[in-house]
file protein10.cif (mmCIF, C-alpha atoms)
data_structure
loop_
_atom_site.label_atom_id
_atom_site.label_comp_id
_atom_site.auth_asym_id
_atom_site.auth_seq_id
_atom_site.Cartn_x
_atom_site.Cartn_y
_atom_site.Cartn_z
CA MET A 14 -0.67 -7.64 -10.96
CA HIS A 15 -2.40 -9.49 -8.14
CA THR A 16 -3.73 -6.24 -6.73
CA ASP A 17 -5.77 -3.96 -8.86
CA TYR A 18 -7.70 -2.25 -6.11
CA ILE A 19 -7.39 -1.21 -2.51
CA HIS A 20 -9.80 -2.63 0.01
CA ILE A 21 -10.80 0.00 2.55
CA ILE A 22 -12.83 -0.24 5.74
CA LEU A 23 -14.28 2.78 7.41
CA ALA A 24 -15.47 2.76 11.02
CA ASP A 25 -17.38 5.86 12.09
CA ASP A 26 -20.61 6.47 13.96
CA ASP A 27 -21.41 9.66 12.09
CA GLU A 28 -23.53 8.98 9.00
CA ASP A 29 -22.59 12.31 7.40
CA ASP A 30 -18.90 11.62 7.77
CA ILE A 31 -19.31 8.19 6.20
CA LEU A 32 -21.10 9.70 3.24
CA PHE A 33 -18.44 12.36 2.96
CA PHE A 34 -15.68 9.74 2.93
CA THR A 35 -17.29 7.31 0.52
CA ASP A 36 -18.02 10.14 -1.92
CA ALA A 37 -14.41 11.22 -1.74
CA PHE A 38 -13.19 7.69 -2.42
CA ASP A 39 -15.47 7.40 -5.43
CA GLU A 40 -13.76 10.36 -7.02
CA LEU A 41 -10.23 8.98 -6.67
CA LYS A 42 -8.30 7.56 -9.61
CA ILE A 43 -7.19 4.46 -7.76
CA ASN A 44 -9.80 1.71 -7.57
CA THR A 45 -11.12 1.25 -4.08
CA ARG A 46 -13.68 -1.02 -2.46
CA VAL A 47 -15.13 0.41 0.70
CA ASN A 48 -16.97 -1.31 3.57
CA THR A 49 -18.37 0.75 6.44
CA PHE A 50 -19.24 0.04 10.08
CA ASN A 51 -21.05 2.23 12.55
CA ASP A 52 -19.32 1.30 15.78
CA GLY A 53 -16.23 -0.40 17.14
CA GLU A 54 -17.99 -3.56 18.17
CA GLU A 55 -19.49 -4.11 14.72
CA LEU A 56 -16.06 -3.55 13.20
CA MET A 57 -14.30 -6.03 15.48
CA ASN A 58 -16.99 -8.66 14.86
CA TYR A 59 -16.29 -8.38 11.16
CA LEU A 60 -12.50 -8.50 11.55
CA ASN A 61 -12.65 -11.48 13.92
CA ASP A 62 -14.75 -13.49 11.50
CA ASP A 63 -12.60 -16.00 9.62
CA GLU A 64 -14.68 -15.56 6.49
CA SER A 65 -14.02 -11.82 6.30
CA LEU A 66 -11.67 -10.29 3.80
CA MET A 67 -9.04 -8.20 5.61
CA PRO A 68 -8.79 -4.61 4.40
CA ASP A 69 -5.58 -2.97 3.18
CA VAL A 70 -6.39 0.21 5.03
CA LEU A 71 -8.69 0.76 7.98
CA PHE A 72 -9.93 4.26 8.77
CA LEU A 73 -10.73 4.47 12.46
CA ASP A 74 -12.65 7.24 14.14
CA LEU A 75 -11.37 7.67 17.69
CA ASN A 76 -14.75 8.44 19.26
CA MET A 77 -17.14 5.60 18.59
CA PRO A 78 -19.83 4.03 20.77
CA LYS A 79 -19.47 0.53 22.27
CA LYS A 80 -15.78 0.28 21.48
CA THR A 81 -13.52 3.29 20.95
CA GLY A 82 -10.95 3.58 18.19
CA ILE A 83 -8.12 3.15 20.70
CA GLU A 84 -9.61 -0.11 21.99
CA CYS A 85 -9.98 -1.41 18.43
CA LEU A 86 -6.41 -0.36 17.64
CA ARG A 87 -5.03 -2.25 20.64
CA GLU A 88 -6.98 -5.39 19.71
CA ILE A 89 -5.95 -5.24 16.06
CA LYS A 90 -2.28 -4.77 16.78
CA THR A 91 -2.15 -7.76 19.13
CA SER A 92 -3.79 -10.09 16.62
CA ASP A 93 -1.56 -11.94 14.17
CA LYS A 94 -4.26 -12.08 11.55
CA MET A 95 -4.96 -8.33 11.62
CA SER A 96 -1.58 -6.82 12.42
CA GLY A 97 -0.78 -6.31 8.74
CA ILE A 98 -3.63 -3.86 8.17
CA ALA A 99 -2.51 -0.26 7.71
CA ILE A 100 -4.41 1.82 10.26
CA ALA A 101 -5.43 5.39 9.62
CA ILE A 102 -6.74 7.21 12.67
CA TYR A 103 -8.85 10.24 12.07
CA SER A 104 -10.09 12.57 14.67
CA THR A 105 -11.05 16.16 15.34
CA SER A 106 -8.30 16.30 17.94
CA ALA A 107 -4.82 17.28 16.88
CA SER A 108 -3.09 17.21 20.24
CA GLU A 109 0.51 16.08 19.97
CA GLU A 110 -0.12 13.72 22.85
CA ASP A 111 -3.00 11.90 21.12
CA ILE A 112 -1.05 11.66 17.93
CA GLU A 113 2.08 10.23 19.46
CA LYS A 114 0.06 7.82 21.62
CA THR A 115 -1.79 6.32 18.65
CA PHE A 116 1.42 6.05 16.63
CA VAL A 117 3.14 4.26 19.48
CA LEU A 118 0.18 1.89 19.73
CA GLY A 119 0.77 0.96 16.10
CA ALA A 120 -1.28 3.36 13.96
CA ASN A 121 0.33 4.18 10.63
CA ILE A 122 -1.51 7.32 9.67
CA TYR A 123 -3.00 10.16 11.66
CA ILE A 124 -5.47 12.46 9.97
CA LYS A 125 -6.95 15.55 11.49
CA LYS A 126 -10.49 15.66 10.08
CA PRO A 127 -10.55 18.42 7.50
CA ASN A 128 -13.69 20.54 7.48
CA ASP A 129 -14.24 20.86 3.78
CA PHE A 130 -14.77 18.29 1.09
CA LYS A 131 -11.96 19.46 -1.17
CA LYS A 132 -9.36 19.12 1.56
CA LEU A 133 -10.71 15.74 2.60
CA LYS A 134 -10.43 14.47 -0.94
CA LYS A 135 -6.86 15.66 -1.17
CA VAL A 136 -5.94 14.02 2.12
CA LEU A 137 -7.58 10.72 1.22
CA SER A 138 -6.00 10.65 -2.17
CA GLU A 139 -2.64 11.14 -0.50
CA VAL A 140 -3.29 8.30 1.94
CA VAL A 141 -4.48 5.93 -0.73
CA SER A 142 -1.66 6.68 -3.13
CA ILE A 143 1.09 6.38 -0.54
CA ASN A 144 -0.50 3.21 0.73
CA TRP A 145 -0.61 2.00 -2.85
CA GLN A 146 3.15 2.53 -3.01
CA TYR A 147 3.70 0.49 0.15
CA HIS A 148 1.32 -2.11 -1.13
CA THR A 149 2.76 -2.58 -4.60
CA ASN A 150 6.40 -2.19 -3.62
CA ALA A 151 6.59 -4.33 -0.50
CA LEU A 152 7.87 -1.45 1.60
CA ASN A 153 8.37 -2.10 5.29
CA LYS A 154 5.03 -1.32 6.94
CA ASP A 155 6.57 -1.13 10.39
CA ASN A 156 8.26 2.08 9.35
CA PHE A 157 5.17 3.57 7.76
CA LEU A 158 4.12 6.69 9.65
CA LEU A 159 2.22 9.51 8.07
CA ARG A 160 0.63 12.55 9.60
CA LEU A 161 -1.73 14.75 7.61
CA MET B 26 -13.21 -47.76 -35.04
CA LYS B 27 -12.44 -44.19 -35.78
CA LEU B 28 -14.26 -41.25 -34.33
CA PHE B 29 -14.41 -37.88 -35.95
CA LEU B 30 -14.69 -34.99 -33.55
CA LYS B 31 -15.88 -31.49 -33.99
CA PHE B 32 -14.74 -28.97 -31.39
CA ASP B 33 -16.31 -25.85 -30.13
CA PHE B 34 -13.19 -24.06 -28.98
CA ASN B 35 -15.08 -21.47 -27.00
CA THR B 36 -16.77 -24.11 -24.88
CA VAL B 37 -13.61 -26.16 -24.49
CA SER B 38 -11.53 -23.25 -23.28
CA LYS B 39 -14.30 -22.06 -21.01
CA LYS B 40 -14.58 -25.51 -19.40
CA VAL B 41 -10.82 -25.76 -18.94
CA LEU B 42 -10.68 -22.34 -17.32
CA GLU B 43 -13.62 -23.12 -15.07
CA SER B 44 -12.10 -26.35 -13.85
CA LYS B 45 -8.71 -24.75 -13.19
CA PHE B 46 -10.10 -21.73 -11.38
CA ASN B 47 -12.45 -23.90 -9.33
CA GLU B 48 -9.65 -26.28 -8.46
CA LEU B 49 -7.73 -23.41 -6.90
CA ASN B 50 -10.83 -22.05 -5.18
CA LEU B 51 -10.61 -18.69 -6.89
CA GLU B 52 -13.64 -16.51 -7.35
CA TYR B 53 -13.75 -15.34 -10.93
CA LYS B 54 -15.88 -14.23 -13.80
CA ILE B 55 -15.16 -15.15 -17.39
CA LEU B 56 -15.57 -11.95 -19.35
CA GLY B 57 -15.03 -13.23 -22.82
CA PHE B 58 -12.59 -15.21 -24.85
CA GLY B 59 -9.18 -14.92 -23.19
CA GLU B 60 -10.29 -12.56 -20.45
CA VAL B 61 -11.05 -13.44 -16.84
CA GLU B 62 -11.71 -11.15 -13.94
CA LEU B 63 -10.67 -12.21 -10.45
CA LEU B 64 -13.27 -11.16 -7.91
CA LYS B 65 -11.05 -11.48 -4.88
CA LYS B 66 -7.44 -10.65 -4.34
CA ILE B 67 -4.99 -13.33 -5.24
CA GLU B 68 -1.84 -14.03 -3.25
CA PRO B 69 1.47 -14.22 -5.15
CA GLU B 70 1.70 -17.98 -4.41
CA GLU B 71 -1.80 -18.53 -5.75
CA TYR B 72 -0.91 -16.55 -8.84
CA LEU B 73 2.09 -18.78 -9.48
CA ALA B 74 0.05 -21.92 -8.91
CA LEU B 75 -2.61 -20.67 -11.29
CA ASN B 76 -0.06 -19.80 -13.95
CA GLU B 77 1.55 -23.21 -13.65
CA SER B 78 -1.71 -25.10 -13.78
CA LEU B 79 -2.83 -23.15 -16.86
CA ASN B 80 0.52 -23.82 -18.55
CA ASP B 81 -0.34 -27.53 -18.50
CA TYR B 82 -2.98 -26.73 -21.09
CA GLY B 83 -0.76 -24.41 -23.05
CA ILE B 84 -2.51 -21.37 -21.63
CA GLU B 85 -0.38 -18.43 -20.56
CA ILE B 86 -1.19 -15.35 -18.52
CA VAL B 87 -0.17 -12.36 -20.58
CA GLU B 88 1.32 -9.62 -18.46
CA SER B 89 1.22 -6.15 -19.80
CA GLN B 90 4.43 -4.92 -21.39
CA LYS B 91 3.92 -1.57 -19.73
CA GLY B 92 3.69 -3.19 -16.31
CA ILE B 93 6.99 -4.96 -16.90
CA LEU B 94 8.77 -1.75 -17.88
CA VAL B 95 7.39 0.08 -14.84
CA GLN B 96 8.76 -2.68 -12.63
CA LYS B 97 12.15 -2.22 -14.30
CA ILE B 98 12.04 1.50 -13.60
CA LYS B 99 11.26 0.81 -9.95
CA ASP B 100 14.04 -1.75 -9.66
CA ALA B 101 16.51 0.67 -11.19
CA ILE B 102 15.49 3.43 -8.77
CA ILE B 103 15.72 1.16 -5.74
CA ASN B 104 19.10 0.00 -6.91
CA MET B 105 20.18 3.60 -7.41
CA VAL B 106 19.06 4.72 -3.94
CA PHE B 107 20.05 1.72 -1.85
CA ASN B 108 23.23 0.70 -3.57
CA GLU B 109 26.23 2.39 -1.97
CA ASP B 110 28.27 2.27 -5.14
CA THR B 111 25.97 4.14 -7.49
CA ASP B 112 26.94 7.69 -8.00
CA LEU B 113 24.01 9.75 -6.77
CA LYS B 114 25.51 12.82 -8.37
CA VAL B 115 24.47 11.58 -11.80
CA LYS B 116 21.05 13.01 -12.53
CA SER B 117 18.40 10.37 -12.01
CA SER B 118 16.77 11.17 -15.36
CA VAL B 119 20.06 10.49 -17.15
CA TYR B 120 20.69 7.36 -15.09
CA LEU B 121 17.26 5.90 -15.86
CA SER B 122 17.16 6.65 -19.55
CA GLU B 123 20.66 5.24 -20.06
CA LYS B 124 19.94 2.15 -18.03
CA LEU B 125 16.58 1.38 -19.65
CA GLY B 126 17.21 2.63 -23.17
CA HIS B 127 14.16 4.91 -23.43
CA SER B 128 13.86 8.67 -23.28
CA TYR B 129 13.13 10.05 -19.85
CA GLY B 130 9.94 11.69 -21.09
CA TYR B 131 8.58 8.34 -22.23
CA LEU B 132 9.50 6.60 -18.98
CA SER B 133 8.09 9.40 -16.91
CA ASN B 134 4.70 9.45 -18.67
CA LEU B 135 4.39 5.68 -18.57
CA PHE B 136 5.27 5.59 -14.88
CA SER B 137 2.62 8.15 -13.96
CA GLU B 138 -0.01 6.40 -16.04
CA ILE B 139 0.49 3.03 -14.36
CA THR B 140 1.38 3.91 -10.77
CA TYR B 141 -0.68 7.07 -10.13
CA SER B 142 2.51 8.67 -8.93
CA SER B 143 5.58 10.25 -10.50
CA ILE B 144 9.15 9.00 -10.83
CA GLU B 145 10.36 12.00 -8.80
CA ASN B 146 7.91 11.14 -6.04
CA PHE B 147 8.92 7.51 -6.08
CA ILE B 148 12.59 8.45 -5.72
CA ILE B 149 11.76 10.67 -2.75
CA ILE B 150 9.74 7.90 -1.09
CA GLN B 151 12.61 5.46 -1.54
CA LYS B 152 15.19 7.91 -0.19
CA ILE B 153 13.05 8.64 2.85
CA GLU B 154 12.57 4.90 3.38
CA TYR B 155 16.30 4.43 3.25
CA SER B 156 16.89 7.24 5.71
CA LYS B 157 14.32 5.65 8.06
CA GLN B 158 16.24 2.39 7.96
CA LEU B 159 19.49 4.16 8.66
CA LEU B 160 17.94 6.14 11.52
CA LEU B 161 16.64 2.99 13.17
CA ASN B 162 19.31 0.46 12.48
CA THR B 163 22.61 2.31 12.43
CA GLU B 164 24.46 4.73 14.64
CA LEU B 165 24.52 7.38 11.92
CA ASN B 166 23.08 10.75 12.84
CA LEU B 167 20.92 12.82 10.53
CA THR B 168 23.83 14.91 9.25
CA GLU B 169 25.73 11.79 8.26
CA ILE B 170 22.63 10.30 6.64
CA ALA B 171 22.04 13.49 4.66
CA PHE B 172 25.61 13.32 3.40
CA LYS B 173 25.33 9.63 2.53
CA LEU B 174 22.14 10.19 0.53
CA ASN B 175 23.63 13.18 -1.22
CA TYR B 176 21.34 15.88 0.18
CA SER B 177 22.76 19.36 -0.08
CA SER B 178 22.22 19.92 3.63
CA VAL B 179 20.76 18.28 6.70
CA ALA B 180 17.94 20.85 6.61
CA HIS B 181 17.01 19.70 3.11
CA LEU B 182 16.66 16.07 4.22
CA SER B 183 14.83 17.11 7.37
CA THR B 184 12.31 19.18 5.41
CA GLN B 185 11.76 16.47 2.82
CA PHE B 186 11.26 13.92 5.60
CA LYS B 187 8.68 16.14 7.28
CA ASN B 188 6.90 16.88 3.99
CA THR B 189 6.72 13.22 3.06
CA THR B 190 5.72 11.73 6.40
CA GLY B 191 4.22 14.66 8.31
CA ILE B 192 6.55 14.08 11.23
CA THR B 193 10.14 15.05 11.97
CA PRO B 194 12.97 12.51 11.81
CA SER B 195 13.49 12.70 15.56
CA ALA B 196 9.78 12.17 16.32
CA PHE B 197 9.83 9.21 13.95
CA GLN B 198 12.78 7.71 15.74
CA ARG B 199 11.22 8.30 19.16
CA ILE B 200 7.92 6.65 18.18
CA ILE B 201 9.50 3.54 16.70
CA PHE B 202 11.86 3.11 19.65
CA LYS B 203 8.90 3.40 22.05
CA ARG B 204 7.05 0.75 20.04
CA ARG B 205 10.02 -1.56 20.27
CA GLU B 206 10.24 -1.01 24.01
CA ILE B 207 6.59 -1.99 24.42
CA ALA B 208 7.00 -5.02 22.17
CA GLN B 209 9.93 -6.22 24.26
CA LYS B 210 7.97 -5.95 27.49
CA LYS B 211 5.21 -8.18 26.14
CA PRO B 212 5.76 -11.86 26.85
CA ASN B 213 5.20 -13.25 23.40
#

call {"tool": "encode", "arguments": {"input": "protein10.cif", "output": "structure tokens"}}
result
Amino acid sequence: MHTDYIHIILADDDEDDILFFTDAFDELKINTRVNTFNDGEELMNYLNDDESLMPDVLFLDLNMPKKTGIECLREIKTSDKMSGIAIAIYSTSASEEDIEKTFVLGANIYIKKPNDFKKLKKVLSEVVSINWQYHTNALNKDNFLLRL
Amino acid sequence: MKLFLKFDFNTVSKKVLESKFNELNLEYKILGFGEVELLKKIEPEEYLALNESLNDYGIEIVESQKGILVQKIKDAIINMVFNEDTDLKVKSSVYLSEKLGHSYGYLSNLFSEITYSSIENFIIIQKIEYSKQLLLNTELNLTEIAFKLNYSSVAHLSTQFKNTTGITPSAFQRIIFKRREIAQKKPN
């Protein structure tokens, strides 16, 4: 009713990946609005601005210049204003240690970057639709963990 | 003296809408007669305020009938999963169609159309949510939770948990407990 689309922010320094992601979002059934940032500092400047619209889901690349994904995650989770954003980490690493660490720090979703477009689309559609469920059904976000 | 007035209803209603939406600081676009698009998300409180302020002028926000029925389906499912007294052995399709007075096929198609998900999937999500709550907030172990939620075996629940969330129930529990530990250490 009051939510007919999902607002998504994507932070990644790789132009190709950004293109890849935004194309995949365009093909989903659920309406999305996507903003992109090229590094962690740019992202945090946006989020810290009072005028900015907070996203429903933030996709964070772990390896970014200026400020890494982990640094952004820590900052976001300690801010009252931002703590409600669902955070999806995506990375080429799939070490159990990395995954558990980011979850403990407050990430909700961990995605291992798929290497083909079809898989990426499937993964994103899963993220968006499960987030949509949390979003429209007031599910407890503290218990929202998803690994893909 | 008597005045005779001629109204242009289109202009009148447009002006009323404009003043109401501006009053509440909402960004909007009037699409046509009786249709407005909100350009930013609206909080539930704002929605109520808007509805109330429009009611003053005899204007009502029409919610879609389909949306209302979908909400009823969701409520019924949540009630079914979380309520200890409901008999989970009754098939959910039978339960829903009896409770809502429509055939299951109709409900199921409508649900998928509106929510981009299926009733079956929604039930699984709710059951997994419930098992998460029980894992975190009660002393029940996974076997007891599986029994309580009417899974045929603990392995069945465990597999469904892993398929839905990507992590095992024990990893889930470990992560959330670690988070709580960290939160307690912080002087907030």

call {"tool": "axis_aligned_box", "arguments": {"input": "protein10.cif", "around": "segment 135-138 of chain B", "padding_each_side": "4 Å", "output": "AutoDock Vina command-line options"}}
result
--center_x 2.6 --center_y 6.9 --center_z -16.3 --size_x 13.3 --size_y 10.6 --size_z 12.6

call {"tool": "resolve_selection", "arguments": {"input": "protein10.cif", "expression": "the PyMOL selection byres ((chain A and resi 101-107) around 6)", "output": "PyMOL selection string"}}
result
chain A and resi 71-75+100+108+121-126

call {"tool": "closest_residue", "arguments": {"input": "protein10.cif", "among": "A:Asn44, A:Asn76, A:Asn51, A:Asn128", "to": "chain B", "atoms": "all atoms listed in the file"}}
result
A:Asn44

call {"tool": "closest_atom_pairs", "arguments": {"input": "protein10.cif", "of": "chain A", "to": "chain B", "cutoff": "7 Å", "atoms": "all atoms listed in the file", "output": "Markdown table"}}
result
| residue | atom | partner | partner_atom | distance |
| --- | --- | --- | --- | --- |
| A:His15 | CA | B:Ile67 | CA | 5.5 |
| A:Thr16 | CA | B:Lys66 | CA | 6.2 |
| A:Glu113 | CA | B:Ile200 | CA | 7.0 |
| A:Phe116 | CA | B:Ile200 | CA | 6.7 |
| A:Val117 | CA | B:Arg204 | CA | 5.3 |
| A:Leu118 | CA | B:Arg204 | CA | 7.0 |
| A:Leu158 | CA | B:Thr190 | CA | 6.2 |
| A:Leu159 | CA | B:Thr190 | CA | 4.5 |
| A:Arg160 | CA | B:Gly191 | CA | 4.4 |
| A:Leu161 | CA | B:Gly191 | CA | 6.0 |

call {"tool": "closest_residue", "arguments": {"input": "protein10.cif", "among": "A:Met67, A:Ile19, A:Val141, A:Ile31", "to": "Thr45 of chain A", "atoms": "all atoms listed in the file"}}
result
A:Ile19

call {"tool": "closest_residue", "arguments": {"input": "protein10.cif", "among": "A:Leu86, A:Ile43, A:Ala24, A:Ala37", "to": "Gln146 of chain A", "atoms": "all atoms listed in the file"}}
result
A:Ile43

call {"tool": "closest_residue", "arguments": {"input": "protein10.cif", "among": "A:Leu41, A:Lys90, A:Asp26, A:Glu54", "to": "Ser142 of chain A", "atoms": "only C-alpha atoms"}}
result
A:Leu41

call {"tool": "residues_around", "arguments": {"input": "protein10.cif", "residues": "Phe33 of chain A", "least_positions_apart": "4", "cutoff": "9 Å", "atoms": "all atoms listed in the file", "output": "PDB file with C-alpha atoms, in the coordinates of the input"}}
result
ATOM      1  CA  GLU A  28     -23.530   8.980   9.000  1.00  0.00           C
ATOM      2  CA  ASP A  29     -22.590  12.310   7.400  1.00  0.00           C
ATOM      3  CA  ALA A  37     -14.410  11.220  -1.740  1.00  0.00           C
ATOM      4  CA  PHE A  38     -13.190   7.690  -2.420  1.00  0.00           C
ATOM      5  CA  PHE A 130     -14.770  18.290   1.090  1.00  0.00           C
ATOM      6  CA  LEU A 133     -10.710  15.740   2.600  1.00  0.00           C
TER       7      LEU A 133
END

call {"tool": "residues_around", "arguments": {"input": "protein10.cif", "residues": "Leu135 of chain B", "least_positions_apart": "5", "cutoff": "10 Å", "atoms": "only C-alpha atoms", "output": "list of chain:residue names"}}
result
B:Lys91, B:Gly92, B:Leu94, B:Val95, B:Tyr129, B:Gly130, B:Thr140, B:Tyr141, B:Ser143, B:Ile144

call {"tool": "atom_distance", "arguments": {"input": "protein10.cif", "atom1": "atom CA of Lys114 of chain A", "atom2": "atom CA of Leu182 of chain B"}}
result
25.4 Å

call {"tool": "atom_distance", "arguments": {"input": "protein10.cif", "atom1": "atom CA of Asp27 of chain A", "atom2": "atom CA of Phe50 of chain A"}}
result
10.1 Å

call {"tool": "resolve_selection", "arguments": {"input": "protein10.cif", "expression": "the PyMOL selection byres ((chain B and resi 79) around 12)", "output": "PyMOL selection string"}}
result
chain B and resi 38+41-46+48-49+72-78+80-87

call {"tool": "resolve_selection", "arguments": {"input": "protein10.cif", "expression": "the PyMOL selection byres ((chain A and resi 97) around 10)", "output": "PyMOL selection string"}}
result
chain A and resi 67-70+89-90+92-96+98-100+154-155

call {"tool": "closest_residue", "arguments": {"input": "protein10.cif", "among": "B:Leu132, B:Phe186, B:Lys124, B:Ser137", "to": "Ile149 of chain B", "atoms": "all atoms listed in the file"}}
result
B:Phe186

call {"tool": "atom_distance", "arguments": {"input": "protein10.cif", "atom1": "atom CA of Gly57 of chain B", "atom2": "atom CA of Lys39 of chain B"}}
result
9.0 Å

call {"tool": "closest_residue", "arguments": {"input": "protein10.cif", "among": "B:Ile139, B:Ile55, B:Ser195, B:Asn47", "to": "Asn166 of chain B", "atoms": "only C-alpha atoms"}}
result
B:Ser195
